[in-house]
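Down below is the structure, laid out as structure tokens.
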Amino acid sequence: MRQCHREIARWMEPLGAQVRVDAAGNFRGFYPGEHASSPRLILGSHLDTVPNAGAYDGVLGVVLAITLLEAFKERKLPFGIEVVGFSEEEGVRFGTPFIGSRALIGRLDDELLNLQDAEGISVRRAIQQFGLNPQEIPRAHVDPDTLGFIEFHIEQGPVLEELGCPLGVVEAIAGQNRLEFIFLGRANHAGTTPMHLRYDALAGAAEWLGEVERAAKAVPEAVATVGKIKVKPGATNVVPGEVHLALDIRHRSDEIRTKIVSQLIRKAEQISERRGLRLQHKVLLCQQAVRMDGFLLQQIELALQKAGCVPHRLVSGAGHDAMILAEKVPAAMIFLRTPGGISHDPAESVTAEDVEKAIECGLHLLDQLASPPVFLKRTVRA
Ligand SMILES: [Zn+2]
């Protein structure tokens, strides 16, 4: 990460940008506006990644932002541009994502700083080991004069490719629930227990699994996944007595998502009752959907059209730094088509043509934002 910061600084300093690494390990490069008192716009994405990753998730958004500054050729805008390369977006090391972006909105609290990695090293300690001072985290907050945050990111899904669109504008980031369901039956001998005397927890869970798929398919844009299942005792010759399932469910509307969750809980209860099973369930995560800023959305659509693209709107099923920043500053995202929808894998890619379109769109967007006084008058919600 240190080498990465050094490399980016080497690109940004010749452009007249002031660079620093804040106390949460985020790279910050500031390209000043026309005046010392000019407000600022933040561009960027994350620099960390997952094990066995591809080369574009996150870092493309940082490189794109710097490319836009290079294209200015020292021209100044009525706002400064701060390029942020966020740290710890993926949550690989500490099991919690968005640590870097949370520092920008003042949500990097003691609970987060005390989280430990697999070796028992806390976030606080890791920050110190990197040569930074956790006491200075308040200095990482967004400047009160921030007009907004715009993030370029690969889509990490197949939608834009299917539509034949190089770029898309993110309308909202889907809300998400994670729940654990436990079906409790009675373990017994697979050879001697007649079918009508069984309390098979897995057969009940399997019936419910079908309902999960049906429920999500019945609602446009809903996605529901059971990605983890544990069967006890888990032997070929034993009727399953206990099944644990993890449900992940997402939708752009919190109301619709909550409705599907209640419907699936009811189904699980009905199935359990009919089969003489007991049911337990627990909500592990309830994250509200985040809408992107309406004004920036319109401006991005206009910029996309100028770049010759159909301004397709889409909802991000994955979380992003923009979702965290949206709490304090108007935020927006532009997705780039991801060939095969493949991400978090070395096969992840983008085409040079699509990146070119993204740069074109970004330049139109900055020109637009620099001209209407309406944007410059907007104040930060900090
Ligand atoms: Zn990412």
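Ordered as shown in the structure tokens, chains take letters A, B, and onward, while each chain numbers its residues from 1 and ligands are numbered from 1 in the order shown.
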
Out of stretch 77-112 of chain A, which residues get helix (DSSP H, G or I) from DSSP, as a VMD selection string?
chain A and resid 99 to 104 110 to 112

Could you dump the residues just selected with N, CA and C atoms as a PDB file, in the first residue's frame?
```pdb
ATOM      1  N   ILE A  99     -13.694   0.915   6.173  1.00  0.00           N
ATOM      2  CA  ILE A  99     -13.022   1.563   7.305  1.00  0.00           C
ATOM      3  C   ILE A  99     -12.481   2.934   6.882  1.00  0.00           C
ATOM      4  N   GLY A 100     -11.875   3.005   5.707  1.00  0.00           N
ATOM      5  CA  GLY A 100     -11.320   4.272   5.221  1.00  0.00           C
ATOM      6  C   GLY A 100     -12.387   5.327   5.012  1.00  0.00           C
ATOM      7  N   SER A 101     -13.452   4.972   4.293  1.00  0.00           N
ATOM      8  CA  SER A 101     -14.470   5.994   4.000  1.00  0.00           C
ATOM      9  C   SER A 101     -15.212   6.421   5.258  1.00  0.00           C
ATOM     10  N   ARG A 102     -15.334   5.517   6.229  1.00  0.00           N
ATOM     11  CA  ARG A 102     -16.002   5.909   7.476  1.00  0.00           C
ATOM     12  C   ARG A 102     -15.237   7.021   8.192  1.00  0.00           C
ATOM     13  N   ALA A 103     -13.919   7.040   8.015  1.00  0.00           N
ATOM     14  CA  ALA A 103     -13.126   8.100   8.656  1.00  0.00           C
ATOM     15  C   ALA A 103     -13.498   9.469   8.081  1.00  0.00           C
ATOM     16  N   LEU A 104     -13.902   9.509   6.813  1.00  0.00           N
ATOM     17  CA  LEU A 104     -14.227  10.794   6.179  1.00  0.00           C
ATOM     18  C   LEU A 104     -15.532  11.387   6.696  1.00  0.00           C
ATOM     19  N   ASP A 110     -14.391   4.079  18.346  1.00  0.00           N
ATOM     20  CA  ASP A 110     -13.561   3.169  19.140  1.00  0.00           C
ATOM     21  C   ASP A 110     -13.879   1.709  18.857  1.00  0.00           C
ATOM     22  N   GLU A 111     -15.167   1.417  18.663  1.00  0.00           N
ATOM     23  CA  GLU A 111     -15.564   0.031  18.409  1.00  0.00           C
ATOM     24  C   GLU A 111     -14.845  -0.505  17.163  1.00  0.00           C
ATOM     25  N   LEU A 112     -14.822   0.341  16.133  1.00  0.00           N
ATOM     26  CA  LEU A 112     -14.142  -0.046  14.886  1.00  0.00           C
ATOM     27  C   LEU A 112     -12.631  -0.121  15.089  1.00  0.00           C
TER      28      LEU A 112
END
```

All strand (DSSP E) positions in stretch 226-307 of chain A, as a VMD selection string
chain A and resid 226 to 232 238 to 239 242 to 251 278 to 287 290 to 291

Could you write those residues out with N, CA, C and O atoms, as a short mmCIF file (atom, residue, chain, number, x, y, z; two decimals), in the first residue's frame?
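Written output follows (again17.cif):
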```cif
data_model
loop_
_atom_site.label_atom_id
_atom_site.label_comp_id
_atom_site.auth_asym_id
_atom_site.auth_seq_id
_atom_site.Cartn_x
_atom_site.Cartn_y
_atom_site.Cartn_z
N VAL A 226 -29.45 -18.14 -0.53
CA VAL A 226 -29.00 -18.93 0.62
C VAL A 226 -27.65 -19.49 0.22
O VAL A 226 -27.56 -20.39 -0.61
N GLY A 227 -26.61 -18.89 0.76
CA GLY A 227 -25.26 -19.25 0.32
C GLY A 227 -24.52 -20.14 1.29
O GLY A 227 -23.38 -20.54 1.04
N LYS A 228 -25.17 -20.42 2.42
CA LYS A 228 -24.47 -21.23 3.43
C LYS A 228 -25.50 -22.11 4.11
O LYS A 228 -26.60 -21.65 4.45
N ILE A 229 -25.14 -23.36 4.27
CA ILE A 229 -26.07 -24.30 4.91
C ILE A 229 -25.26 -25.33 5.71
O ILE A 229 -24.20 -25.77 5.28
N LYS A 230 -25.73 -25.60 6.92
CA LYS A 230 -25.01 -26.56 7.78
C LYS A 230 -26.03 -27.58 8.28
O LYS A 230 -27.09 -27.20 8.80
N VAL A 231 -25.74 -28.86 8.06
CA VAL A 231 -26.67 -29.93 8.44
C VAL A 231 -26.08 -30.74 9.58
O VAL A 231 -24.92 -31.15 9.52
N LYS A 232 -26.89 -30.95 10.62
CA LYS A 232 -26.42 -31.76 11.76
C LYS A 232 -27.33 -32.98 11.93
O LYS A 232 -28.54 -32.82 11.78
N VAL A 238 -28.29 -40.90 8.76
CA VAL A 238 -29.03 -40.27 9.86
C VAL A 238 -30.00 -39.22 9.30
O VAL A 238 -29.63 -38.40 8.46
N VAL A 239 -31.26 -39.28 9.77
CA VAL A 239 -32.25 -38.26 9.40
C VAL A 239 -31.76 -36.93 10.01
O VAL A 239 -31.47 -36.88 11.21
N GLU A 242 -31.04 -31.00 12.51
CA GLU A 242 -30.87 -29.56 12.67
C GLU A 242 -30.21 -28.97 11.42
O GLU A 242 -29.23 -29.51 10.94
N VAL A 243 -30.80 -27.88 10.91
CA VAL A 243 -30.23 -27.25 9.72
C VAL A 243 -30.12 -25.74 9.95
O VAL A 243 -31.08 -25.10 10.36
N HIS A 244 -28.93 -25.20 9.69
CA HIS A 244 -28.70 -23.76 9.77
C HIS A 244 -28.56 -23.21 8.36
O HIS A 244 -27.79 -23.75 7.57
N LEU A 245 -29.30 -22.15 8.04
CA LEU A 245 -29.19 -21.54 6.71
C LEU A 245 -28.96 -20.04 6.85
O LEU A 245 -29.52 -19.41 7.74
N ALA A 246 -28.13 -19.49 5.95
CA ALA A 246 -27.90 -18.04 5.94
C ALA A 246 -28.58 -17.44 4.72
O ALA A 246 -28.33 -17.86 3.60
N LEU A 247 -29.46 -16.48 4.97
CA LEU A 247 -30.19 -15.83 3.88
C LEU A 247 -29.66 -14.41 3.68
O LEU A 247 -29.50 -13.65 4.63
N ASP A 248 -29.40 -14.06 2.42
CA ASP A 248 -28.96 -12.71 2.04
C ASP A 248 -30.01 -12.20 1.07
O ASP A 248 -30.29 -12.83 0.07
N ILE A 249 -30.59 -11.04 1.38
CA ILE A 249 -31.66 -10.54 0.53
C ILE A 249 -31.49 -9.03 0.31
O ILE A 249 -31.19 -8.29 1.24
N ARG A 250 -31.66 -8.60 -0.96
CA ARG A 250 -31.37 -7.19 -1.29
C ARG A 250 -32.41 -6.61 -2.26
O ARG A 250 -32.91 -7.30 -3.14
N HIS A 251 -32.69 -5.33 -2.06
CA HIS A 251 -33.57 -4.60 -2.97
C HIS A 251 -33.34 -3.10 -2.78
O HIS A 251 -32.90 -2.66 -1.73
N ARG A 278 -39.36 -27.27 14.69
CA ARG A 278 -39.31 -26.00 15.39
C ARG A 278 -38.43 -25.05 14.57
O ARG A 278 -37.51 -25.52 13.87
N LEU A 279 -38.71 -23.76 14.68
CA LEU A 279 -37.96 -22.79 13.86
C LEU A 279 -37.39 -21.68 14.73
O LEU A 279 -38.07 -21.18 15.63
N GLN A 280 -36.15 -21.32 14.45
CA GLN A 280 -35.57 -20.13 15.07
C GLN A 280 -35.02 -19.25 13.95
O GLN A 280 -34.52 -19.77 12.97
N HIS A 281 -35.15 -17.94 14.10
CA HIS A 281 -34.50 -17.06 13.12
C HIS A 281 -34.00 -15.80 13.80
O HIS A 281 -34.51 -15.40 14.85
N LYS A 282 -32.96 -15.23 13.17
CA LYS A 282 -32.27 -14.11 13.79
C LYS A 282 -31.79 -13.18 12.68
O LYS A 282 -31.24 -13.64 11.68
N VAL A 283 -32.01 -11.87 12.85
CA VAL A 283 -31.53 -10.90 11.86
C VAL A 283 -30.08 -10.56 12.20
O VAL A 283 -29.78 -10.11 13.31
N LEU A 284 -29.16 -10.79 11.26
CA LEU A 284 -27.75 -10.52 11.51
C LEU A 284 -27.33 -9.16 10.96
O LEU A 284 -26.37 -8.55 11.43
N LEU A 285 -28.03 -8.71 9.93
CA LEU A 285 -27.68 -7.42 9.32
C LEU A 285 -28.92 -6.81 8.70
O LEU A 285 -29.69 -7.50 8.04
N CYS A 286 -29.11 -5.51 8.93
CA CYS A 286 -30.21 -4.80 8.30
C CYS A 286 -29.65 -3.46 7.85
O CYS A 286 -29.46 -2.56 8.65
N GLN A 287 -29.33 -3.36 6.57
CA GLN A 287 -28.71 -2.16 6.04
C GLN A 287 -29.68 -1.48 5.08
O GLN A 287 -30.14 -2.10 4.13
N VAL A 290 -29.48 3.13 -0.06
CA VAL A 290 -28.98 4.51 -0.13
C VAL A 290 -29.23 5.05 -1.53
O VAL A 290 -28.78 4.47 -2.52
N ARG A 291 -29.95 6.16 -1.61
CA ARG A 291 -30.20 6.79 -2.91
C ARG A 291 -29.02 7.68 -3.26
O ARG A 291 -28.46 8.35 -2.39
#
```

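Neighbouring residues of A:Leu115 at 10 Å or closer, counting only C-alpha atoms and skipping chain neighbours under 4 positions away, are Arg93, Phe94, Gly95, Thr96, Asp110, Glu111, Gly120, Ile121, Ser122, Val123, Arg124 and Arg125 of chain A.
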
So which one's closest to ligand 1, A:Ile342, A:Ile154, A:Leu132, A:Leu304? Using only C-alpha atoms and all ligand atoms, please.
A:Ile154

For ligand 1, list the contacting residues at 10 Å or closer, counting only C-alpha atoms and all ligand atoms, as a list in words.
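Those within range of ligand 1 are Ser45, His46, Leu47, Asp48, Thr49, Val50, Tyr56, Asp57, Gly58, Val59, Leu60, Gly61, Glu89, Glu90, Phe152, His153, Ile154, Glu155, Gln156, Ala318, Gly319, His320, Asp321, Ser343 and His344 of chain A.
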
Now that the selection is made, can you save its residues with N, CA, C and O atoms as a CSV table (one decimal), in the first residue's frame?
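Okay, result_1.csv is ready:
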```csv
chain,number,residue,atom,x,y,z
A,45,SER,N,-12.0,6.2,-5.4
A,45,SER,CA,-12.6,4.9,-5.1
A,45,SER,C,-11.6,4.3,-4.2
A,45,SER,O,-10.7,5.0,-3.6
A,46,HIS,N,-11.6,2.9,-4.0
A,46,HIS,CA,-10.7,2.3,-3.0
A,46,HIS,C,-9.5,1.7,-3.7
A,46,HIS,O,-9.5,1.3,-4.8
A,47,LEU,N,-8.4,1.6,-2.9
A,47,LEU,CA,-7.1,1.1,-3.4
A,47,LEU,C,-6.9,-0.3,-2.8
A,47,LEU,O,-6.0,-1.0,-3.4
A,48,ASP,N,-7.6,-0.7,-1.8
A,48,ASP,CA,-7.4,-2.1,-1.3
A,48,ASP,C,-8.2,-3.1,-2.2
A,48,ASP,O,-8.9,-2.7,-3.0
A,49,THR,N,-7.9,-4.4,-2.0
A,49,THR,CA,-8.6,-5.3,-2.8
A,49,THR,C,-8.8,-6.7,-2.0
A,49,THR,O,-8.5,-6.7,-0.8
A,50,VAL,N,-9.3,-7.7,-2.7
A,50,VAL,CA,-9.5,-9.0,-2.1
A,50,VAL,C,-8.3,-9.9,-2.4
A,50,VAL,O,-7.6,-9.7,-3.4
A,56,TYR,N,-9.0,-4.2,-11.4
A,56,TYR,CA,-9.8,-3.0,-11.7
A,56,TYR,C,-10.7,-2.5,-10.6
A,56,TYR,O,-11.0,-1.4,-10.4
A,57,ASP,N,-11.2,-3.5,-9.8
A,57,ASP,CA,-12.1,-3.2,-8.7
A,57,ASP,C,-11.5,-2.1,-7.8
A,57,ASP,O,-10.6,-2.4,-7.1
A,58,GLY,N,-12.1,-0.9,-7.8
A,58,GLY,CA,-11.6,0.1,-6.9
A,58,GLY,C,-10.6,1.0,-7.6
A,58,GLY,O,-10.8,2.2,-7.9
A,59,VAL,N,-9.4,0.4,-7.8
A,59,VAL,CA,-8.3,1.3,-8.3
A,59,VAL,C,-8.6,2.0,-9.6
A,59,VAL,O,-8.1,3.1,-9.8
A,60,LEU,N,-9.4,1.4,-10.4
A,60,LEU,CA,-9.8,2.0,-11.7
A,60,LEU,C,-10.4,3.4,-11.4
A,60,LEU,O,-10.1,4.4,-12.2
A,61,GLY,N,-11.2,3.5,-10.4
A,61,GLY,CA,-11.8,4.8,-10.1
A,61,GLY,C,-10.8,5.9,-9.6
A,61,GLY,O,-11.0,7.1,-9.9
A,89,GLU,N,-11.7,-0.9,2.0
A,89,GLU,CA,-13.1,-0.9,1.6
A,89,GLU,C,-13.6,-2.3,1.7
A,89,GLU,O,-14.8,-2.5,2.0
A,90,GLU,N,-12.8,-3.3,1.3
A,90,GLU,CA,-13.3,-4.6,1.2
A,90,GLU,C,-13.6,-5.3,2.5
A,90,GLU,O,-14.4,-6.3,2.6
A,152,PHE,N,-16.2,6.4,-9.9
A,152,PHE,CA,-16.2,5.5,-11.1
A,152,PHE,C,-15.8,4.1,-10.6
A,152,PHE,O,-14.9,4.0,-9.8
A,153,HIS,N,-16.5,3.1,-11.0
A,153,HIS,CA,-16.3,1.7,-10.5
A,153,HIS,C,-16.8,0.7,-11.5
A,153,HIS,O,-17.7,1.0,-12.3
A,154,ILE,N,-16.1,-0.4,-11.6
A,154,ILE,CA,-16.6,-1.4,-12.5
A,154,ILE,C,-18.0,-2.0,-12.0
A,154,ILE,O,-18.2,-2.0,-10.7
A,155,GLU,N,-18.8,-2.4,-12.8
A,155,GLU,CA,-20.2,-2.8,-12.4
A,155,GLU,C,-20.1,-4.1,-11.5
A,155,GLU,O,-20.9,-4.2,-10.6
A,156,GLN,N,-19.2,-5.0,-11.8
A,156,GLN,CA,-19.1,-6.3,-11.1
A,156,GLN,C,-20.3,-7.1,-11.3
A,156,GLN,O,-20.6,-8.0,-10.5
A,318,ALA,N,-24.1,-4.3,-4.8
A,318,ALA,CA,-22.9,-4.4,-3.9
A,318,ALA,C,-22.8,-3.0,-3.2
A,318,ALA,O,-23.2,-2.0,-3.7
A,319,GLY,N,-22.2,-3.1,-2.0
A,319,GLY,CA,-21.9,-1.8,-1.3
A,319,GLY,C,-20.7,-1.1,-1.8
A,319,GLY,O,-19.8,-1.8,-2.4
A,320,HIS,N,-20.6,0.2,-1.6
A,320,HIS,CA,-19.5,1.0,-2.1
A,320,HIS,C,-19.2,2.2,-1.2
A,320,HIS,O,-20.1,2.6,-0.4
A,321,ASP,N,-18.0,2.7,-1.3
A,321,ASP,CA,-17.6,3.9,-0.5
A,321,ASP,C,-18.7,5.0,-0.7
A,321,ASP,O,-18.9,5.8,0.3
A,343,SER,N,-15.8,-10.4,-11.5
A,343,SER,CA,-15.1,-9.6,-10.6
A,343,SER,C,-14.6,-10.4,-9.4
A,343,SER,O,-15.0,-11.5,-9.1
A,344,HIS,N,-13.7,-9.7,-8.6
A,344,HIS,CA,-13.0,-10.4,-7.5
A,344,HIS,C,-12.4,-11.7,-8.0
A,344,HIS,O,-12.4,-12.8,-7.3
```

Identify, on the basis of only C-alpha atoms, every residue whose closest approach to stretch 66-76 of chain A does not exceed 8 Å; exclude the query and any residue fewer than 4 positions from it along the same chain; express the result as an NGL selection string.
:A and (11-12 or 15-16 or 31-34 or 62 or 80 or 83 or 359 or 362-363)

Interatomic distance (Å, one decimal) between atom CA of A:Ala215 and atom CA of A:Leu277:
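Computed distance, atom CA of A:Ala215 to atom CA of A:Leu277, equals 21.8 Å.
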
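Counting only C-alpha atoms, the residue from A:Gly54, A:Pro39, A:Gly131, A:Gly44 that sits nearest to A:Ala332 is A:Gly44.
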
Counting only C-alpha atoms, which of A:Asn52, A:Ala222, A:Ala24, A:Ser272 gets nearest to A:Glu207?
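Once distances to A:Glu207 are computed over only C-alpha atoms, the minimum belongs to A:Ser272.
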
Which is closer to A:Glu82 than all the others in A:Cys361, A:Leu366, A:Val142, A:Leu113, using only C-alpha atoms?
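Residue with the minimum atom-to-atom distance to A:Glu82: A:Val142.
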
Quick one: residues within 9 Å of A:Glu360, only C-alpha atoms, excluding same-chain residues fewer than 3 positions away - as a PDB file with C-alpha atoms, in the first residue's frame?
```pdb
ATOM      1  CA  LEU A  68      -9.273  13.610 -15.636  1.00  0.00           C
ATOM      2  CA  ALA A 303     -22.684  13.760 -19.613  1.00  0.00           C
ATOM      3  CA  LEU A 304     -23.319  10.155 -20.721  1.00  0.00           C
ATOM      4  CA  LYS A 306     -22.864  13.877 -24.653  1.00  0.00           C
ATOM      5  CA  ALA A 307     -20.387  10.983 -24.741  1.00  0.00           C
ATOM      6  CA  VAL A 355     -12.475   3.449 -20.166  1.00  0.00           C
ATOM      7  CA  GLU A 356     -12.127   6.033 -22.944  1.00  0.00           C
ATOM      8  CA  LYS A 357     -15.898   6.594 -22.799  1.00  0.00           C
ATOM      9  CA  LEU A 363     -14.743  15.536 -18.660  1.00  0.00           C
ATOM     10  CA  HIS A 364     -18.239  16.524 -19.814  1.00  0.00           C
ATOM     11  CA  LEU A 365     -19.485  16.098 -16.267  1.00  0.00           C
TER      12      LEU A 365
END
```

Tell me, as a PyMOL selection string, which residues lie within 6 Å of stretch 136-141 of chain A, counting only C-alpha atoms; anything in the same chain fewer than 3 positions away does not count.
chain A and resi 22-23+104-105+133

Would you mind exporting all heavy atoms of the selected residues as a short mmCIF file (atom, residue, chain, number, x, y, z; two decimals), in the first residue's frame?
```cif
data_model
loop_
_atom_site.label_atom_id
_atom_site.label_comp_id
_atom_site.auth_asym_id
_atom_site.auth_seq_id
_atom_site.Cartn_x
_atom_site.Cartn_y
_atom_site.Cartn_z
N ASP A 22 -4.06 10.29 5.03
CA ASP A 22 -4.69 10.66 6.30
C ASP A 22 -4.51 9.55 7.33
O ASP A 22 -3.98 8.47 7.03
CB ASP A 22 -6.16 11.08 6.09
CG ASP A 22 -7.08 9.91 5.72
OD1 ASP A 22 -6.77 8.75 6.09
OD2 ASP A 22 -8.12 10.16 5.09
N ALA A 23 -4.96 9.79 8.56
CA ALA A 23 -4.69 8.87 9.66
C ALA A 23 -5.44 7.54 9.55
O ALA A 23 -5.16 6.60 10.29
CB ALA A 23 -5.03 9.54 10.99
N LEU A 104 -13.90 9.51 6.81
CA LEU A 104 -14.23 10.79 6.18
C LEU A 104 -15.53 11.39 6.70
O LEU A 104 -15.77 12.58 6.57
CB LEU A 104 -14.31 10.65 4.65
CG LEU A 104 -12.99 10.96 3.92
CD1 LEU A 104 -12.02 9.83 4.07
CD2 LEU A 104 -13.24 11.29 2.46
N ILE A 105 -16.40 10.54 7.24
CA ILE A 105 -17.68 11.08 7.72
C ILE A 105 -17.77 11.01 9.25
O ILE A 105 -18.84 11.15 9.83
CB ILE A 105 -18.89 10.35 7.08
CG1 ILE A 105 -18.87 8.86 7.41
CG2 ILE A 105 -18.91 10.56 5.57
CD1 ILE A 105 -20.25 8.24 7.35
N ASN A 133 -1.02 8.15 12.94
CA ASN A 133 -1.44 8.42 14.30
C ASN A 133 -2.97 8.42 14.41
O ASN A 133 -3.64 9.32 13.91
CB ASN A 133 -0.88 9.80 14.72
CG ASN A 133 -1.26 10.13 16.15
OD1 ASN A 133 -1.96 9.37 16.82
ND2 ASN A 133 -0.80 11.29 16.61
#
```

For a quick check of understanding, using only C-alpha atoms, which of A:Ala322, A:Ala224, A:Gln305, A:Trp208 has the smallest distance to A:Gln270?
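The closest residue to A:Gln270 is A:Trp208.
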
Out of A:Phe98, A:Phe27, A:Phe335, A:Tyr199, which residue has the shortest atom-to-atom distance to A:Val84 when counting only C-alpha atoms?
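Closest candidate: A:Phe27.
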
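Atom CA of A:Val329 sits 19.2 Å away from atom CA of A:Val315.
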
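In this structure, atom CA of A:Gln135 sits 27.9 Å away from atom CA of A:Glu151.
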